[in-house]
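Source file: model_37.cif. Holds: mmCIF, C-alpha atoms and all ligand atoms.
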```
data_run
loop_
_atom_site.label_atom_id
_atom_site.label_comp_id
_atom_site.auth_asym_id
_atom_site.auth_seq_id
_atom_site.Cartn_x
_atom_site.Cartn_y
_atom_site.Cartn_z
CA MET A 1 101.38 105.09 119.14
CA GLN A 2 101.53 104.84 115.37
CA PRO A 3 99.95 102.09 113.22
CA PHE A 4 101.90 98.85 112.97
CA SER A 5 101.79 95.84 110.66
CA ILE A 6 103.53 92.67 109.56
CA VAL A 7 103.71 90.79 106.25
CA ILE A 8 105.13 87.30 105.73
CA HIS A 9 105.68 84.97 102.77
CA GLY A 10 106.35 81.27 102.39
CA GLY A 11 107.59 81.33 98.81
CA ALA A 12 106.21 81.93 95.34
CA GLY A 13 105.99 79.78 92.23
CA THR A 14 103.69 77.53 90.26
CA ILE A 15 101.28 77.11 93.10
CA LEU A 16 97.95 76.05 91.64
CA LYS A 17 94.76 75.15 93.41
CA SER A 18 94.39 72.21 91.03
CA ASP A 19 97.63 70.70 92.41
CA MET A 20 96.64 71.11 96.04
CA THR A 21 94.70 68.76 98.29
CA PRO A 22 92.36 70.43 100.78
CA GLU A 23 94.47 69.00 103.62
CA LEU A 24 97.70 70.42 102.26
CA GLU A 25 96.11 73.77 101.56
CA LYS A 26 94.85 73.89 105.13
CA ALA A 27 98.28 72.98 106.47
CA TYR A 28 99.90 75.82 104.52
CA LEU A 29 97.26 78.32 105.60
CA ASN A 30 97.60 77.22 109.22
CA GLY A 31 101.38 77.52 109.04
CA LEU A 32 101.11 81.04 107.64
CA GLU A 33 98.48 82.08 110.16
CA ALA A 34 100.46 80.84 113.14
CA ALA A 35 103.59 82.74 112.04
CA LEU A 36 101.58 85.87 111.22
CA LEU A 37 99.83 85.94 114.59
CA LEU A 38 103.02 85.26 116.51
CA GLY A 39 104.79 88.15 114.78
CA PHE A 40 101.80 90.44 115.16
CA SER A 41 101.42 89.69 118.85
CA ALA A 42 105.04 90.76 119.38
CA LEU A 43 104.22 94.09 117.71
CA GLU A 44 101.05 94.46 119.79
CA LYS A 45 103.13 94.07 122.94
CA GLY A 46 105.33 96.92 121.79
CA GLU A 47 108.27 94.77 120.72
CA SER A 48 110.55 95.82 117.90
CA ALA A 49 110.04 95.00 114.22
CA ILE A 50 113.24 92.93 114.43
CA ASN A 51 111.82 90.76 117.24
CA ALA A 52 108.51 90.34 115.41
CA ILE A 53 110.07 89.12 112.17
CA ILE A 54 112.50 86.80 113.94
CA SER A 55 109.69 85.06 115.81
CA ALA A 56 107.56 84.74 112.67
CA ILE A 57 110.47 83.42 110.58
CA LYS A 58 111.50 80.88 113.22
CA LEU A 59 108.06 79.33 113.21
CA LEU A 60 108.19 79.06 109.41
CA GLU A 61 111.72 77.59 109.58
CA ASP A 62 110.47 74.96 112.03
CA ASN A 63 107.61 74.04 109.68
CA ILE A 64 108.58 71.20 107.34
CA LEU A 65 106.30 72.59 104.59
CA PHE A 66 108.53 75.57 103.85
CA ASN A 67 111.95 75.55 102.20
CA ALA A 68 113.89 77.01 105.12
CA GLY A 69 115.36 75.60 108.30
CA ARG A 70 113.83 72.18 108.92
CA GLY A 71 112.14 71.95 105.50
CA ALA A 72 115.22 73.03 103.49
CA VAL A 73 115.71 71.33 100.12
CA PHE A 74 118.56 68.95 99.26
CA THR A 75 121.72 70.04 97.44
CA LYS A 76 123.38 67.96 94.71
CA LYS A 77 125.34 66.22 97.47
CA GLY A 78 122.18 65.36 99.34
CA VAL A 79 122.57 67.74 102.27
CA GLN A 80 120.91 70.99 103.31
CA GLU A 81 122.80 74.27 102.91
CA MET A 82 120.84 77.24 104.14
CA ASP A 83 120.97 80.98 103.60
CA ALA A 84 119.39 83.74 105.69
CA ALA A 85 119.52 87.51 106.13
CA ILE A 86 118.12 90.18 108.40
CA MET A 87 118.24 93.97 108.15
CA ASP A 88 117.23 96.69 110.58
CA GLY A 89 115.70 99.70 108.80
CA LYS A 90 116.40 102.04 111.72
CA THR A 91 120.17 101.57 111.82
CA LEU A 92 120.80 99.93 108.42
CA ALA A 93 122.57 97.17 110.36
CA ALA A 94 122.47 93.81 108.56
CA GLY A 95 123.53 90.21 109.05
CA SER A 96 123.64 87.34 106.56
CA VAL A 97 124.77 83.75 106.39
CA ALA A 98 125.12 81.47 103.38
CA GLY A 99 125.67 77.76 102.96
CA VAL A 100 125.28 76.91 106.63
CA ARG A 101 124.49 73.38 107.73
CA ASN A 102 122.68 71.88 110.73
CA VAL A 103 121.64 75.27 112.09
CA MET A 104 118.13 74.87 113.44
CA ASN A 105 117.15 78.49 112.83
CA PRO A 106 119.46 80.20 110.33
CA ILE A 107 117.71 83.51 111.05
CA ASP A 108 119.08 83.37 114.61
CA LEU A 109 122.57 83.04 113.18
CA ALA A 110 122.03 85.95 110.76
CA ASN A 111 120.86 88.01 113.73
CA GLU A 112 123.99 87.05 115.71
CA VAL A 113 126.09 88.19 112.76
CA MET A 114 124.22 91.50 112.71
CA MET A 115 124.40 92.05 116.47
CA HIS A 116 127.80 90.72 117.48
CA SER A 117 130.20 89.93 114.64
CA ASN A 118 131.41 93.29 113.27
CA HIS A 119 130.70 91.77 109.86
CA VAL A 120 127.70 91.55 107.59
CA PHE A 121 128.04 88.31 105.66
CA LEU A 122 129.51 84.96 106.79
CA SER A 123 129.55 81.77 104.75
CA GLY A 124 130.09 78.01 104.90
CA LYS A 125 132.26 76.47 107.57
CA GLY A 126 133.25 79.82 109.02
CA ALA A 127 129.60 80.70 109.55
CA ASN A 128 129.06 77.31 111.18
CA ASP A 129 132.05 77.89 113.48
CA TYR A 130 130.52 81.23 114.42
CA ALA A 131 127.22 79.50 115.18
CA ILE A 132 129.05 77.21 117.62
CA LYS A 133 130.88 80.13 119.21
CA GLN A 134 127.65 82.07 119.71
CA GLY A 135 125.76 79.04 121.01
CA VAL A 136 123.23 79.03 118.16
CA LYS A 137 121.26 75.80 118.24
CA LEU A 138 122.46 73.02 115.91
CA MET A 139 120.49 69.92 114.92
CA PRO A 140 121.56 66.56 113.43
CA ASP A 141 120.97 65.81 109.71
CA GLU A 142 117.91 63.68 110.54
CA TYR A 143 116.08 66.74 111.81
CA PHE A 144 116.17 68.22 108.31
CA PHE A 145 115.04 65.07 106.50
CA SER A 146 111.64 64.89 104.89
CA LYS A 147 110.43 62.30 102.41
CA PHE A 148 108.78 64.98 100.32
CA ARG A 149 112.01 66.96 99.79
CA TYR A 150 114.01 63.77 99.33
CA ASP A 151 111.68 62.59 96.56
CA GLN A 152 111.86 66.02 94.90
CA TRP A 153 115.63 65.81 94.90
CA LYS A 154 115.74 62.15 93.77
CA GLU A 155 113.91 63.11 90.60
CA ILE A 156 116.66 65.44 89.46
CA ARG A 157 119.80 64.52 91.39
CA ASP A 158 121.30 62.63 88.44
CA SER A 159 120.84 65.56 86.13
CA ASP A 160 123.34 68.35 85.90
CA SER A 161 120.90 71.16 86.33
CA TYR A 162 119.26 73.03 89.10
CA SER A 163 118.01 75.73 86.84
CA LEU A 164 114.41 76.41 86.06
CA ASP A 165 114.65 75.51 82.43
CA HIS A 166 111.16 74.53 81.31
CA THR A 167 112.45 73.30 78.01
CA HIS A 168 114.74 70.70 79.51
CA GLN A 169 112.93 67.44 78.81
CA ASP A 170 114.05 65.48 81.88
CA LEU A 171 113.18 68.31 84.14
CA ALA A 172 109.95 69.41 82.52
CA GLU A 173 107.88 67.36 84.92
CA PHE A 174 109.77 68.60 87.97
CA PHE A 175 109.70 72.24 87.06
CA LYS A 176 106.07 72.11 86.00
CA ASP A 177 105.67 71.97 89.72
CA LYS A 178 108.23 74.59 90.53
CA LYS A 179 107.86 76.33 93.80
CA PHE A 180 110.20 78.57 95.69
CA GLY A 181 109.45 77.84 99.32
CA THR A 182 111.68 80.46 100.87
CA VAL A 183 110.25 82.29 103.86
CA GLY A 184 110.35 85.99 104.62
CA ALA A 185 108.92 88.63 106.90
CA VAL A 186 108.79 92.42 107.08
CA ALA A 187 107.31 94.46 109.90
CA CYS A 188 106.66 98.02 111.05
CA ASP A 189 106.52 98.45 114.83
CA GLN A 190 104.73 100.96 117.06
CA PHE A 191 107.76 103.25 116.92
CA GLY A 192 107.80 103.45 113.14
CA ASN A 193 110.84 101.22 112.74
CA ILE A 194 110.84 98.64 109.97
CA ALA A 195 112.88 95.48 109.35
CA ALA A 196 113.17 92.65 106.83
CA ALA A 197 114.31 89.02 107.00
CA THR A 198 114.51 86.09 104.59
CA SER A 199 115.50 82.45 105.13
CA THR A 200 115.88 79.65 102.57
CA GLY A 201 117.27 76.26 101.62
CA GLY A 202 117.86 77.69 98.14
CA MET A 203 117.24 75.52 95.11
CA THR A 204 116.94 71.76 94.95
CA ASN A 205 120.06 70.09 93.55
CA LYS A 206 122.15 73.24 93.79
CA LYS A 207 125.93 72.70 93.68
CA TYR A 208 129.29 74.48 93.72
CA GLY A 209 128.14 76.33 96.84
CA ARG A 210 125.43 78.15 94.88
CA ILE A 211 123.93 81.09 96.78
CA GLY A 212 120.69 82.78 95.79
CA ASP A 213 119.34 86.26 96.39
CA SER A 214 117.90 85.66 99.88
CA PRO A 215 121.02 86.40 101.99
CA ILE A 216 122.31 89.13 99.70
CA ILE A 217 121.52 92.54 101.15
CA GLY A 218 119.84 94.57 98.43
CA ALA A 219 118.92 91.57 96.28
CA GLY A 220 116.58 89.38 98.34
CA THR A 221 116.45 91.39 101.56
CA TYR A 222 116.61 95.11 102.35
CA ALA A 223 115.31 97.56 104.97
CA ASN A 224 115.57 101.31 105.43
CA ASN A 225 113.20 103.37 107.62
CA ASN A 226 113.27 106.15 105.01
CA THR A 227 111.93 103.93 102.24
CA CYS A 228 110.82 100.33 102.79
CA ALA A 229 111.57 96.84 104.04
CA ILE A 230 111.48 94.08 101.42
CA SER A 231 111.81 90.28 101.40
CA CYS A 232 111.87 88.46 98.06
CA THR A 233 111.18 84.95 96.84
CA GLY A 234 111.73 83.53 93.40
CA HIS A 235 114.44 82.55 90.94
CA GLY A 236 117.37 83.97 92.88
CA GLU A 237 119.81 84.45 90.02
CA LEU A 238 117.45 86.94 88.40
CA PHE A 239 116.68 88.75 91.66
CA ILE A 240 120.41 89.21 92.20
CA ARG A 241 120.88 90.64 88.72
CA ALA A 242 117.93 92.98 89.22
CA VAL A 243 119.14 94.01 92.70
CA ALA A 244 115.44 93.64 93.31
CA ALA A 245 114.90 94.60 96.97
CA TYR A 246 117.13 97.67 96.83
CA ASP A 247 115.62 98.71 93.53
CA VAL A 248 112.25 99.14 95.24
CA SER A 249 113.93 101.30 97.88
CA ALA A 250 115.71 103.38 95.22
CA LEU A 251 112.47 103.99 93.31
CA ILE A 252 110.89 105.29 96.50
CA GLU A 253 113.92 107.36 97.53
CA TYR A 254 114.91 108.88 94.21
CA LYS A 255 111.72 108.85 92.21
CA GLY A 256 109.15 109.32 94.93
CA LEU A 257 107.11 106.25 94.05
CA SER A 258 104.75 104.69 96.58
CA LEU A 259 105.65 101.29 98.04
CA GLN A 260 102.99 99.57 95.93
CA ASP A 261 104.00 101.29 92.68
CA ALA A 262 107.69 100.63 93.22
CA MET A 263 107.08 96.94 93.92
CA ASN A 264 104.75 96.63 90.94
CA PHE A 265 107.40 98.08 88.68
CA VAL A 266 110.20 95.82 89.88
CA VAL A 267 108.14 92.62 89.89
CA HIS A 268 105.94 93.11 86.82
CA ASP A 269 108.32 95.08 84.64
CA LYS A 270 111.97 94.83 85.56
CA LEU A 271 111.99 91.19 86.72
CA LYS A 272 109.48 90.04 84.13
CA LYS A 273 111.66 91.35 81.32
CA ILE A 274 114.49 89.05 82.36
CA ASN A 275 112.19 86.10 83.18
CA GLY A 276 112.66 86.63 86.89
CA GLU A 277 109.78 84.61 88.26
CA GLY A 278 108.69 85.19 91.84
CA GLY A 279 107.51 87.94 94.12
CA MET A 280 108.15 90.06 97.19
CA ILE A 281 106.54 91.48 100.30
CA GLY A 282 107.05 95.04 101.44
CA ILE A 283 106.26 97.50 104.18
CA ASP A 284 107.03 101.16 104.92
CA ALA A 285 107.41 103.19 108.10
CA GLN A 286 103.75 104.29 107.94
CA ALA A 287 102.82 100.58 108.16
CA ASN A 288 101.60 100.42 104.54
CA THR A 289 101.95 96.90 103.19
CA ALA A 290 102.17 95.24 99.77
CA MET A 291 102.46 91.71 98.41
CA VAL A 292 103.31 91.45 94.71
CA PHE A 293 104.22 88.43 92.54
CA ASN A 294 104.40 87.50 88.88
CA SER A 295 104.10 83.73 89.42
CA ALA A 296 100.92 81.69 89.71
CA GLY A 297 100.90 81.97 93.47
CA MET A 298 102.72 83.13 96.56
CA TYR A 299 102.15 81.91 100.11
CA ARG A 300 101.53 85.17 101.87
CA ALA A 301 99.86 86.85 104.81
CA MET A 302 99.52 90.33 106.31
CA LYS A 303 98.01 91.88 109.41
CA HIS A 304 97.63 95.56 110.25
CA SER A 305 96.74 97.28 113.53
CA ASN A 306 93.69 98.77 111.76
CA GLY A 307 92.19 95.27 111.71
CA THR A 308 92.99 94.32 108.10
CA GLN A 309 94.18 90.76 107.69
CA GLU A 310 94.79 88.57 104.64
CA ILE A 311 96.12 85.05 104.29
CA SER A 312 96.28 83.80 100.69
CA ILE A 313 98.03 81.47 98.31
CA TYR A 314 96.79 81.95 94.75
CA LYS A 315 96.37 84.92 92.48
CA ALA A 316 93.15 86.83 93.10
CA SER A 317 90.91 85.90 90.18
N1 LIG B 401 115.07 83.00 96.07
C1 LIG B 401 115.50 81.72 96.57
C2 LIG B 401 116.82 81.34 95.95
O1 LIG B 401 117.01 81.57 94.78
C3 LIG B 401 114.53 80.63 96.30
C4 LIG B 401 113.14 80.90 96.80
O2 LIG B 401 112.68 82.03 96.80
O3 LIG B 401 112.50 79.90 97.22
O4 LIG B 401 117.63 80.76 96.64
#
```
Would you put the structure from the file into structure tokens?
Ligand code: ASP
Amino acid sequence: MQPFSIVIHGGAGTILKSDMTPELEKAYLNGLEAALLLGFSALEKGESAINAIISAIKLLEDNILFNAGRGAVFTKKGVQEMDAAIMDGKTLAAGSVAGVRNVMNPIDLANEVMMHSNHVFLSGKGANDYAIKQGVKLMPDEYFFSKFRYDQWKEIRDSDSYSLDHTHQDLAEFFKDKKFGTVGAVACDQFGNIAAATSTGGMTNKKYGRIGDSPIIGAGTYANNNTCAISCTGHGELFIRAVAAYDVSALIEYKGLSLQDAMNFVVHDKLKKINGEGGMIGIDAQANTAMVFNSAGMYRAMKHSNGTQEISIYKAS
């Protein structure tokens, strides 16, 4: 049996201890811990990396605190449109969905796309029709409602922007508090197979069917046993332009960088240069792990079969 490990994230952004109540901090840490332990226990039992990340992500999607599944943010029209992706590093099989509504666990739908559709990427109504055909669980709008997200959206719904423009006066207050609550997981199982998954509600007040990096294979999500498995969180437009997740893989494959060095370069150099705020989690087939971000914080957690465990929110000072 080889070493195994799992890493998860619950989004990056301006996450400051000064803005957090002890109760809320505890709730976030508990949410992360529960998902981490669930995913890790799957690996301990000898289950695949794919199974481990799906179970961890589903728990985060069901948690109202994170911007995915049940806690997804509101679009300009006041609904939730969710994106998710999963990739298997052993086979390079992948499945993604974008702009789906009322799907309880978008990661289940992405997995159905990967396993049974003969396609990689489905969107909008077609993806919803596929969810119905495959018997993926749907929930009514009320399930996705939370006062917290509604208030966030109310503050900016009359503006024309969803962007993270700090200089925009009306939005300064909102984006002072900017957080990208997307969830993600990567794992390496006992057989040395790795996988990555990401699930998100995208950005508050998004319109025109905006899609971020999360469901785009190579941008927000990527996995390849020969290199790494990566899940990103942050300002999606910039992660798409940087082809961020695949860039880490390419640095490992073509330049021989370590996982940590490749992620450091993409997050602190490449993304930083284009103001791409956020971070990513990564793993390789030797069960090495890394969690890197250029924002004030990133909800994150990792657990390794050698006993190492970390659950953190803020930057190490
Ligand atoms: N990357 C996501 C997006 O742009 C947002 C996030 O990470 O929370 O849709």
Can you check which parts of chain A lie within 6 Å of ligand LIG 401 (chain B)? Per residue, the shortest pair of atoms and distance in Å to one decimal, counting all atoms listed in the file, sorted by chain and number, as a Markdown table.
```
| residue | atom | partner | partner_atom | distance |
| --- | --- | --- | --- | --- |
| A:Gly11 | CA | B:LIG401 | O3 | 5.4 |
| A:Phe180 | CA | B:LIG401 | O3 | 3.1 |
| A:Gly181 | CA | B:LIG401 | O3 | 4.2 |
| A:Thr182 | CA | B:LIG401 | O3 | 3.8 |
| A:Gly202 | CA | B:LIG401 | O4 | 3.4 |
| A:Met203 | CA | B:LIG401 | O4 | 5.5 |
| A:Gly212 | CA | B:LIG401 | O4 | 3.8 |
| A:Asp213 | CA | B:LIG401 | N1 | 5.4 |
| A:Ser214 | CA | B:LIG401 | N1 | 5.4 |
| A:Thr233 | CA | B:LIG401 | O2 | 3.3 |
| A:Gly234 | CA | B:LIG401 | O2 | 3.8 |
| A:His235 | CA | B:LIG401 | O1 | 4.7 |
| A:Gly236 | CA | B:LIG401 | O1 | 3.1 |
```
Per residue of stretch 48-82 of chain A within 7 Å of stretch 189-201 of chain A, note the shortest atom pair and the distance in Å to one decimal, counting all atoms listed in the file, and order the rows by chain and increasing residue number, as CSV.
```
residue,atom,partner,partner_atom,distance
A:Ser48,CA,A:Asp189,CA,5.7
A:Ala49,CA,A:Asp189,CA,5.0
A:Ile50,CA,A:Ala195,CA,5.7
A:Ile53,CA,A:Ala197,CA,6.7
A:Asn67,CA,A:Gly201,CA,5.4
A:Ala68,CA,A:Thr200,CA,4.2
A:Gly69,CA,A:Gly201,CA,7.0
A:Ala72,CA,A:Gly201,CA,4.3
A:Val73,CA,A:Gly201,CA,5.4
A:Gln80,CA,A:Gly201,CA,6.6
A:Glu81,CA,A:Gly201,CA,6.0
A:Met82,CA,A:Gly201,CA,4.5
```
Tell me which of A:Gly282, A:Pro215, A:Pro3, A:Gly13 sits closest to A:Tyr314, counting only C-alpha atoms. A:Gly13
Can you tell me, as number ranges by chain, what residues are no more than 9 Å from stretch 109-115 of chain A when counting all atoms listed in the file, ignoring any on the same chain fewer than 5 positions away? A: 54, 83-88, 93-97, 103, 120-122, 127-128, 130-131, 134, 136-137, 215
Could you tell me how far atom CA of A:Ser123 sits from atom CA of A:Glu142, in Å to one decimal place? 22.3 Å
Show which residues sit within 8 Å of stretch 275-281 of chain A, as an mmCIF file with C-alpha atoms, in the frame of the given file. Count only C-alpha atoms, and ignore same-chain residues fewer than 2 positions away.
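around_28.cif, written as the output of this step:
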```cif
data_model
loop_
_atom_site.group_PDB
_atom_site.id
_atom_site.type_symbol
_atom_site.label_atom_id
_atom_site.label_comp_id
_atom_site.auth_asym_id
_atom_site.auth_seq_id
_atom_site.Cartn_x
_atom_site.Cartn_y
_atom_site.Cartn_z
ATOM 1 C CA VAL A 7 103.710 90.790 106.250
ATOM 2 C CA ILE A 8 105.130 87.300 105.730
ATOM 3 C CA HIS A 9 105.680 84.970 102.770
ATOM 4 C CA ALA A 12 106.210 81.930 95.340
ATOM 5 C CA GLY A 13 105.990 79.780 92.230
ATOM 6 C CA PHE A 180 110.200 78.570 95.690
ATOM 7 C CA GLY A 184 110.350 85.990 104.620
ATOM 8 C CA ALA A 185 108.920 88.630 106.900
ATOM 9 C CA VAL A 186 108.790 92.420 107.080
ATOM 10 C CA ILE A 230 111.480 94.080 101.420
ATOM 11 C CA SER A 231 111.810 90.280 101.400
ATOM 12 C CA CYS A 232 111.870 88.460 98.060
ATOM 13 C CA THR A 233 111.180 84.950 96.840
ATOM 14 C CA GLY A 234 111.730 83.530 93.400
ATOM 15 C CA HIS A 235 114.440 82.550 90.940
ATOM 16 C CA LEU A 238 117.450 86.940 88.400
ATOM 17 C CA PHE A 239 116.680 88.750 91.660
ATOM 18 C CA MET A 263 107.080 96.940 93.920
ATOM 19 C CA VAL A 267 108.140 92.620 89.890
ATOM 20 C CA LEU A 271 111.990 91.190 86.720
ATOM 21 C CA LYS A 272 109.480 90.040 84.130
ATOM 22 C CA LYS A 273 111.660 91.350 81.320
ATOM 23 C CA ILE A 283 106.260 97.500 104.180
ATOM 24 C CA THR A 289 101.950 96.900 103.190
ATOM 25 C CA ALA A 290 102.170 95.240 99.770
ATOM 26 C CA MET A 291 102.460 91.710 98.410
ATOM 27 C CA VAL A 292 103.310 91.450 94.710
ATOM 28 C CA PHE A 293 104.220 88.430 92.540
ATOM 29 C CA ASN A 294 104.400 87.500 88.880
ATOM 30 C CA SER A 295 104.100 83.730 89.420
ATOM 31 C CA MET A 298 102.720 83.130 96.560
#
```
